[in-house]
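For reference, input.cif is printed below; it contains mmCIF, C-alpha atoms.
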data_input
#
loop_
_atom_site.label_atom_id
_atom_site.label_comp_id
_atom_site.auth_asym_id
_atom_site.auth_seq_id
_atom_site.Cartn_x
_atom_site.Cartn_y
_atom_site.Cartn_z
CA MET A 1 109.54 96.75 100.91
CA PHE A 2 108.34 93.26 99.97
CA LEU A 3 108.85 92.09 103.55
CA ILE A 4 106.60 94.90 104.79
CA TYR A 5 104.00 94.05 102.16
CA PHE A 6 103.93 90.35 103.04
CA ALA A 7 103.84 91.19 106.75
CA ILE A 8 100.75 93.31 106.12
CA ILE A 9 98.84 90.72 104.10
CA ILE A 10 99.64 88.04 106.67
CA LEU A 11 99.13 90.06 109.86
CA VAL A 12 95.95 91.96 108.91
CA PRO A 13 93.75 88.84 108.59
CA ILE A 14 95.28 87.33 111.74
CA VAL A 15 94.58 90.48 113.75
CA ALA A 16 91.01 90.60 112.43
CA GLN A 17 90.45 86.96 113.41
CA LEU A 18 91.86 87.59 116.88
CA MET A 19 89.49 90.54 117.27
CA VAL A 20 86.39 88.56 116.37
CA ARG A 21 87.44 85.58 118.50
CA GLY A 22 88.26 87.87 121.42
CA ALA A 23 84.93 89.69 121.26
CA TYR A 24 82.98 86.48 120.74
CA ASN A 25 84.70 84.62 123.59
CA LYS A 26 84.22 87.56 125.94
CA TYR A 27 80.52 88.07 125.28
CA SER A 28 79.73 84.38 124.95
CA LYS A 29 80.18 84.39 128.72
CA VAL A 30 77.67 87.24 129.20
CA SER A 31 74.05 86.08 129.38
CA SER A 32 71.38 88.21 127.74
CA SER A 33 68.71 89.72 129.98
CA THR A 34 65.91 87.86 128.17
CA GLY A 35 67.62 84.47 128.48
CA MET A 36 66.70 83.59 124.88
CA THR A 37 68.89 81.12 123.03
CA GLY A 38 70.33 81.98 119.64
CA ALA A 39 67.77 79.66 118.03
CA GLN A 40 64.93 81.44 119.83
CA VAL A 41 66.27 84.84 118.83
CA ALA A 42 66.44 83.78 115.19
CA ARG A 43 62.94 82.30 115.24
CA ARG A 44 61.49 85.38 116.95
CA ILE A 45 62.94 87.80 114.38
CA LEU A 46 62.00 85.58 111.44
CA ASP A 47 58.40 85.24 112.61
CA ASP A 48 58.10 88.97 113.31
CA ASN A 49 59.12 89.62 109.70
CA GLY A 50 56.72 87.06 108.28
CA LEU A 51 59.49 84.61 107.39
CA TYR A 52 57.69 81.56 108.75
CA HIS A 53 59.00 79.43 105.88
CA VAL A 54 62.65 80.05 106.82
CA HIS A 55 64.04 77.23 108.97
CA VAL A 56 66.55 77.47 111.83
CA GLU A 57 68.98 74.57 112.04
CA GLU A 58 71.97 73.60 114.16
CA VAL A 59 75.30 72.92 112.44
CA ARG A 60 78.70 71.80 113.68
CA GLY A 61 81.79 73.98 113.76
CA PHE A 62 83.02 77.12 115.49
CA LEU A 63 81.30 80.25 114.14
CA SER A 64 80.06 78.27 111.15
CA ASP A 65 76.83 80.28 111.26
CA HIS A 66 75.34 81.30 107.90
CA TYR A 67 72.15 81.83 105.95
CA ASP A 68 71.50 79.52 103.00
CA PRO A 69 69.31 81.36 100.45
CA ARG A 70 68.74 78.21 98.38
CA SER A 71 67.09 76.18 101.16
CA LYS A 72 65.87 79.29 103.02
CA THR A 73 67.62 78.16 106.21
CA VAL A 74 69.44 79.99 108.98
CA ARG A 75 72.15 77.64 110.21
CA LEU A 76 73.63 78.30 113.64
CA SER A 77 76.70 76.68 115.16
CA SER A 78 75.94 74.54 118.20
CA ASN A 79 77.32 77.11 120.66
CA ASN A 80 75.09 79.87 119.31
CA PHE A 81 72.06 77.65 118.73
CA HIS A 82 71.83 76.69 122.41
CA SER A 83 73.55 79.63 124.11
CA HIS A 84 71.75 82.42 126.02
CA SER A 85 74.69 84.81 125.58
CA LEU A 86 74.87 88.25 123.99
CA ALA A 87 77.34 86.84 121.47
CA ALA A 88 74.82 84.20 120.38
CA THR A 89 72.13 86.85 120.17
CA ALA A 90 74.28 89.06 117.94
CA VAL A 91 75.41 86.27 115.61
CA SER A 92 71.94 84.78 115.26
CA ALA A 93 70.34 88.15 114.57
CA HIS A 94 73.03 88.90 111.97
CA GLU A 95 72.29 85.71 110.03
CA VAL A 96 68.58 86.48 110.12
CA GLY A 97 69.53 89.89 108.74
CA HIS A 98 70.63 88.05 105.59
CA ALA A 99 67.28 86.26 105.43
CA ILE A 100 65.51 89.63 105.58
CA GLN A 101 67.79 90.91 102.82
CA ASP A 102 66.78 87.89 100.75
CA GLN A 103 63.10 88.54 101.41
CA GLN A 104 63.40 92.20 100.42
CA ASP A 105 65.53 91.44 97.34
CA TYR A 106 68.44 93.53 98.64
CA ALA A 107 70.42 94.63 95.57
CA PHE A 108 73.93 93.99 96.91
CA LEU A 109 72.94 90.50 98.06
CA ARG A 110 71.60 89.68 94.60
CA PHE A 111 74.76 91.07 93.01
CA ARG A 112 76.94 88.97 95.33
CA HIS A 113 74.99 85.82 94.51
CA ALA A 114 75.42 86.52 90.79
CA LEU A 115 79.18 86.89 91.30
CA VAL A 116 79.64 83.58 93.13
CA PRO A 117 80.41 81.33 90.11
CA VAL A 118 82.72 83.91 88.50
CA ALA A 119 84.50 84.66 91.76
CA SER A 120 84.91 80.96 92.49
CA ILE A 121 86.59 80.34 89.14
CA GLY A 122 88.76 83.43 89.58
CA SER A 123 89.97 82.53 93.07
CA ASN A 124 90.69 78.91 92.09
CA PHE A 125 92.47 79.42 88.78
CA ALA A 126 93.87 82.97 88.73
CA TRP A 127 97.17 82.05 90.35
CA ILE A 128 97.77 79.22 87.90
CA PHE A 129 97.79 81.65 84.98
CA ILE A 130 99.73 84.28 86.93
CA LEU A 131 102.50 81.90 87.95
CA ILE A 132 102.79 80.50 84.42
CA GLY A 133 102.99 84.06 83.11
CA ILE A 134 105.68 85.08 85.61
CA PHE A 135 107.92 82.03 85.13
CA ALA A 136 107.46 81.92 81.36
CA SER A 137 107.59 85.73 80.97
CA LEU A 138 104.20 85.72 79.26
CA SER A 139 102.48 89.01 80.08
CA GLY A 140 99.25 87.86 78.42
CA MET A 141 98.91 84.99 80.87
CA ILE A 142 99.46 87.34 83.79
CA LEU A 143 96.79 89.69 82.42
CA LEU A 144 94.31 86.81 82.16
CA GLY A 145 95.09 85.83 85.74
CA ILE A 146 94.64 89.43 86.90
CA ILE A 147 91.24 89.65 85.22
CA MET A 148 90.16 86.43 86.92
CA MET A 149 91.46 87.63 90.27
CA ALA A 150 89.68 90.98 89.82
CA ALA A 151 86.35 89.12 89.77
CA ALA A 152 87.19 87.58 93.15
CA VAL A 153 88.20 91.00 94.49
CA VAL A 154 84.92 92.54 93.33
CA PHE A 155 83.13 89.77 95.22
CA GLN A 156 85.07 90.64 98.39
CA ILE A 157 84.21 94.33 98.02
CA VAL A 158 80.51 93.68 97.35
CA THR A 159 80.43 91.48 100.46
CA LEU A 160 81.16 94.51 102.66
CA PRO A 161 77.83 96.36 102.24
CA VAL A 162 75.99 93.03 102.48
CA GLU A 163 77.57 92.22 105.85
CA PHE A 164 77.33 95.73 107.31
CA ASN A 165 73.70 95.99 106.24
CA ALA A 166 72.90 92.61 107.83
CA SER A 167 74.48 93.81 111.09
CA ASN A 168 72.46 97.04 111.00
CA ARG A 169 69.29 95.07 110.43
CA ALA A 170 70.24 92.77 113.31
CA MET A 171 70.64 95.68 115.72
CA ASP A 172 67.34 97.23 114.63
CA GLN A 173 65.54 93.94 115.19
CA VAL A 174 66.96 93.01 118.60
CA VAL A 175 66.30 96.54 119.89
CA SER A 176 62.80 97.01 118.45
CA LEU A 177 61.67 93.55 119.60
CA GLY A 178 63.10 94.03 123.09
CA ILE A 179 65.45 91.07 122.74
CA ILE A 180 68.21 93.14 124.36
CA ARG A 181 68.06 96.04 126.80
CA ASN A 182 69.50 99.49 126.17
CA ASP A 183 72.56 98.74 128.31
CA GLU A 184 73.26 95.63 126.20
CA GLU A 185 73.40 97.45 122.86
CA ARG A 186 77.06 98.43 123.22
CA GLU A 187 78.21 94.86 123.84
CA THR A 188 76.09 93.48 121.00
CA LYS A 189 77.55 96.04 118.59
CA LYS A 190 81.08 95.07 119.63
CA VAL A 191 80.46 91.47 118.55
CA LEU A 192 78.95 92.58 115.23
CA ASN A 193 81.71 95.12 114.54
CA ALA A 194 84.47 92.63 115.29
CA ALA A 195 82.92 90.13 112.88
CA ALA A 196 82.66 92.81 110.20
CA MET A 197 86.37 93.55 110.49
CA THR A 198 87.20 90.09 109.13
CA TYR A 199 85.45 91.03 105.88
CA VAL A 200 87.16 94.42 105.78
CA ALA A 201 90.54 92.75 106.28
CA ALA A 202 89.86 90.18 103.57
CA ALA A 203 88.83 92.88 101.11
CA ALA A 204 91.86 95.07 101.93
CA VAL A 205 94.29 92.18 101.44
CA ALA A 206 92.62 91.19 98.16
CA VAL A 207 92.86 94.74 96.81
CA LEU A 208 96.53 95.03 97.83
CA GLU A 209 97.38 91.76 96.12
CA LEU A 210 95.56 92.81 92.96
CA VAL A 211 97.42 96.14 92.87
CA ARG A 212 100.75 94.34 93.32
CA LEU A 213 100.01 92.03 90.39
CA ILE A 214 98.96 94.94 88.19
CA LEU A 215 102.31 96.62 88.95
CA ILE A 216 104.15 93.41 88.02
CA TYR A 217 102.21 93.24 84.75
CA THR A 218 102.82 96.89 83.83
CA GLY A 219 106.51 96.49 84.62
CA MET A 220 106.73 93.42 82.40
CA THR A 221 104.95 95.10 79.48
CA ARG A 222 107.29 98.10 79.69
CA ASP A 223 110.31 95.76 79.43
CA GLU A 224 108.80 94.11 76.37
#
Written form, C-alpha cells:
Amino acid sequence: MFLIYFAIIILVPIVAQLMVRGAYNKYSKVSSSTGMTGAQVARRILDDNGLYHVHVEEVRGFLSDHYDPRSKTVRLSSNNFHSHSLAATAVSAHEVGHAIQDQQDYAFLRFRHALVPVASIGSNFAWIFILIGIFASLSGMILLGIIMMAAAVVFQIVTLPVEFNASNRAMDQVVSLGIIRNDEERETKKVLNAAAMTYVAAAAVAVLELVRLILIYTGMTRDE
C-alpha cells in the first residue's frame, strides 16, 4: 500500500511536468498568425487594460515567467520574451492575467499573498517537527507539524482558482484583441491547460501527504 502511495506522489508531479513541457515544446514551434512576440503580447494586453505602469522584463531560465505584484512587473523567460510562437503568446497572456487580477483586487490573489509568509514557514519547518514527533513518539510534535503543513496545503489549494482565473482572463484577452485567430484558440488552450495541471498535481500530492500524516497522528494518539 505504501509503495502505491509513494508511486503516486512521485509520478503525478512528473507526469504533470511532462505534459506542460510537451505542450510547450510542441507549440513553441508554431508561430502565431500575428507574429507578435511574447513581450509585445504582454504589452498590448497591459496597455489595453490601462496598466501602463506595469513593466515587461526579460528573465533567465526555462519557463521562469511570473508576475511580481510588488514591483508591478511581468517577467518573461527569454524564449517567451522574444518568441513569436503560440506557446509564448499563451504564457505571456497568462502572466498578464495575474497583473489584471492585481489591478482588480481579485480576492483569491489577495488571500494567496496573505498566506505566503505562513505557508513558507509551514513548508520549511513542518517536517522537522513531524520527524521529531515520529522518532521520539511525541504526538504533540506531530500535531504541530501537521498544523504547519496544513497552512502550506491551503496555499496550494488557493493557488488553483488564481491560476485558472488567470488563464481564463488570458484567453479572453487574446481573443478579444485579435492576438490569435479562431483556429488558434484550441492550441493556446492546450498550453494553458497543461500548465494548470502542474498546480493541480501539486495540490493533490500536498493533500494526500497531509491526510497520511493525520492518519499517523490519529493512530499514535489511539495507542497512547
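Atom pair CA of Asp172 in chain A / CA of His55 in chain A: separated by 21.0 Å.
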task: For Thr218 in chain A, work out the shell of residues within 12 Å, counting only C-alpha atoms and skipping chain neighbours fewer than 5 positions away, then give it as a PyMOL selection string.
output: chain A and resi 139-140+142-143+146+211-213+223-224
Compare A:Ser85, A:Gly50, A:Tyr217, A:Ala99 by their minimum atom-to-atom distance to Pro69 in chain A, counting only C-alpha atoms, and give me the closest one.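 The answer is A:Ala99, which sits nearest to Pro69 in chain A.
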Computed gap from CA of Thr198 in chain A to CA of Pro13 in chain A is 6.7 Å
*asked:* Under the rule that all atoms listed in the file are counted, which of A:Ala136, A:Ala90, A:Ala151, A:Ile128 is the nearest residue to Ala206 in chain A?
replied: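 Using all atoms listed in the file, Ala206 in chain A sits closest to A:Ala151.
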What does the PyMOL selection byres ((chain A and resi 46) around 10) select in this file, as a PyMOL selection string? chain A and resi 40-45+47-56+74+93+96-97+99-100+173
May I have the residues within 12 Å of Tyr106 in chain A as a VMD selection string, using all atoms listed in the file and disregarding those fewer than 4 positions away in the same chain?
chain A and resid 97 to 102 110 to 113 161 to 163 165 to 166 169
Same residues, C-alpha atoms, output as a JSON list (two decimals), in the frame of the given file:
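again_20.json was written with the following content:
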[["chain", "number", "residue", "atom", "x", "y", "z"],
["A", 97, "GLY", "CA", 69.53, 89.89, 108.74],
["A", 98, "HIS", "CA", 70.63, 88.05, 105.59],
["A", 99, "ALA", "CA", 67.28, 86.26, 105.43],
["A", 100, "ILE", "CA", 65.51, 89.63, 105.58],
["A", 101, "GLN", "CA", 67.79, 90.91, 102.82],
["A", 102, "ASP", "CA", 66.78, 87.89, 100.75],
["A", 110, "ARG", "CA", 71.60, 89.68, 94.60],
["A", 111, "PHE", "CA", 74.76, 91.07, 93.01],
["A", 112, "ARG", "CA", 76.94, 88.97, 95.33],
["A", 113, "HIS", "CA", 74.99, 85.82, 94.51],
["A", 161, "PRO", "CA", 77.83, 96.36, 102.24],
["A", 162, "VAL", "CA", 75.99, 93.03, 102.48],
["A", 163, "GLU", "CA", 77.57, 92.22, 105.85],
["A", 165, "ASN", "CA", 73.70, 95.99, 106.24],
["A", 166, "ALA", "CA", 72.90, 92.61, 107.83],
["A", 169, "ARG", "CA", 69.29, 95.07, 110.43]]
Any idea what's packed within 12 Å of Gly22 in chain A, counting all atoms listed in the file, ignoring anything in its chain fewer than 3 positions away? Could you give it as a PyMOL selection string? chain A and resi 14-19+25-29+87+190-191+193-195
- prompt: With all atoms listed in the file as the basis for distance, which of A:Ile157, A:Ile130, A:Ile147, A:Leu11 is at the shortest distance from Ala203 in chain A?
  reply: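 Residue with the minimum atom-to-atom distance to Ala203 in chain A: A:Ile157.
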Restricting to all atoms listed in the file, whichever of A:Leu210, A:Gln156, A:Glu187, A:Ser123 is closest to Val30 in chain A is A:Glu187
Need the neighbours of (79.5, 79.8, 118.4): which residues are at most 6 Å away, counting all atoms listed in the file, as an mmCIF file with C-alpha atoms, keeping the file's coordinate frame?
data_model
loop_
_atom_site.group_PDB
_atom_site.id
_atom_site.type_symbol
_atom_site.label_atom_id
_atom_site.label_comp_id
_atom_site.auth_asym_id
_atom_site.auth_seq_id
_atom_site.Cartn_x
_atom_site.Cartn_y
_atom_site.Cartn_z
ATOM 1 C CA PHE A 62 83.020 77.120 115.490
ATOM 2 C CA LEU A 63 81.300 80.250 114.140
ATOM 3 C CA SER A 77 76.700 76.680 115.160
ATOM 4 C CA ASN A 79 77.320 77.110 120.660
ATOM 5 C CA ASN A 80 75.090 79.870 119.310
#
Check: What residues come out when you apply the PyMOL selection byres ((chain A and resi 78) around 10) to this file, written as a list in words?
Finding: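 That selection, the PyMOL selection byres ((chain A and resi 78) around 10), comes back as Gly38, Ala39, Glu57, Glu58, Val59, Arg60, Gly61, Phe62, Leu63, Ser64, Asp65, Arg75, Leu76, Ser77, Asn79, Asn80, Phe81, His82, Ser83 and Ala88 of chain A.
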- Query: Can you tell me how far CA of Thr221 in chain A sits from CA of Ile134 in chain A, in Å to one decimal?
  - Reply: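 That distance, rounded to one decimal, is 11.8 Å.
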Can you work out which one of A:Val118, A:Leu160, A:Met149, A:Val20 has the shortest atom-to-atom distance to Val200 in chain A, counting only C-alpha atoms?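 Nearest candidate to Val200 in chain A out of A:Val118, A:Leu160, A:Met149, A:Val20: A:Leu160.
Within the 8 Å cut-off around Ser120 in chain A, using only C-alpha atoms and omitting residues fewer than 4 positions from it on the same chain, the listed residues are Val116, Asn124 and Ala152 of chain A.
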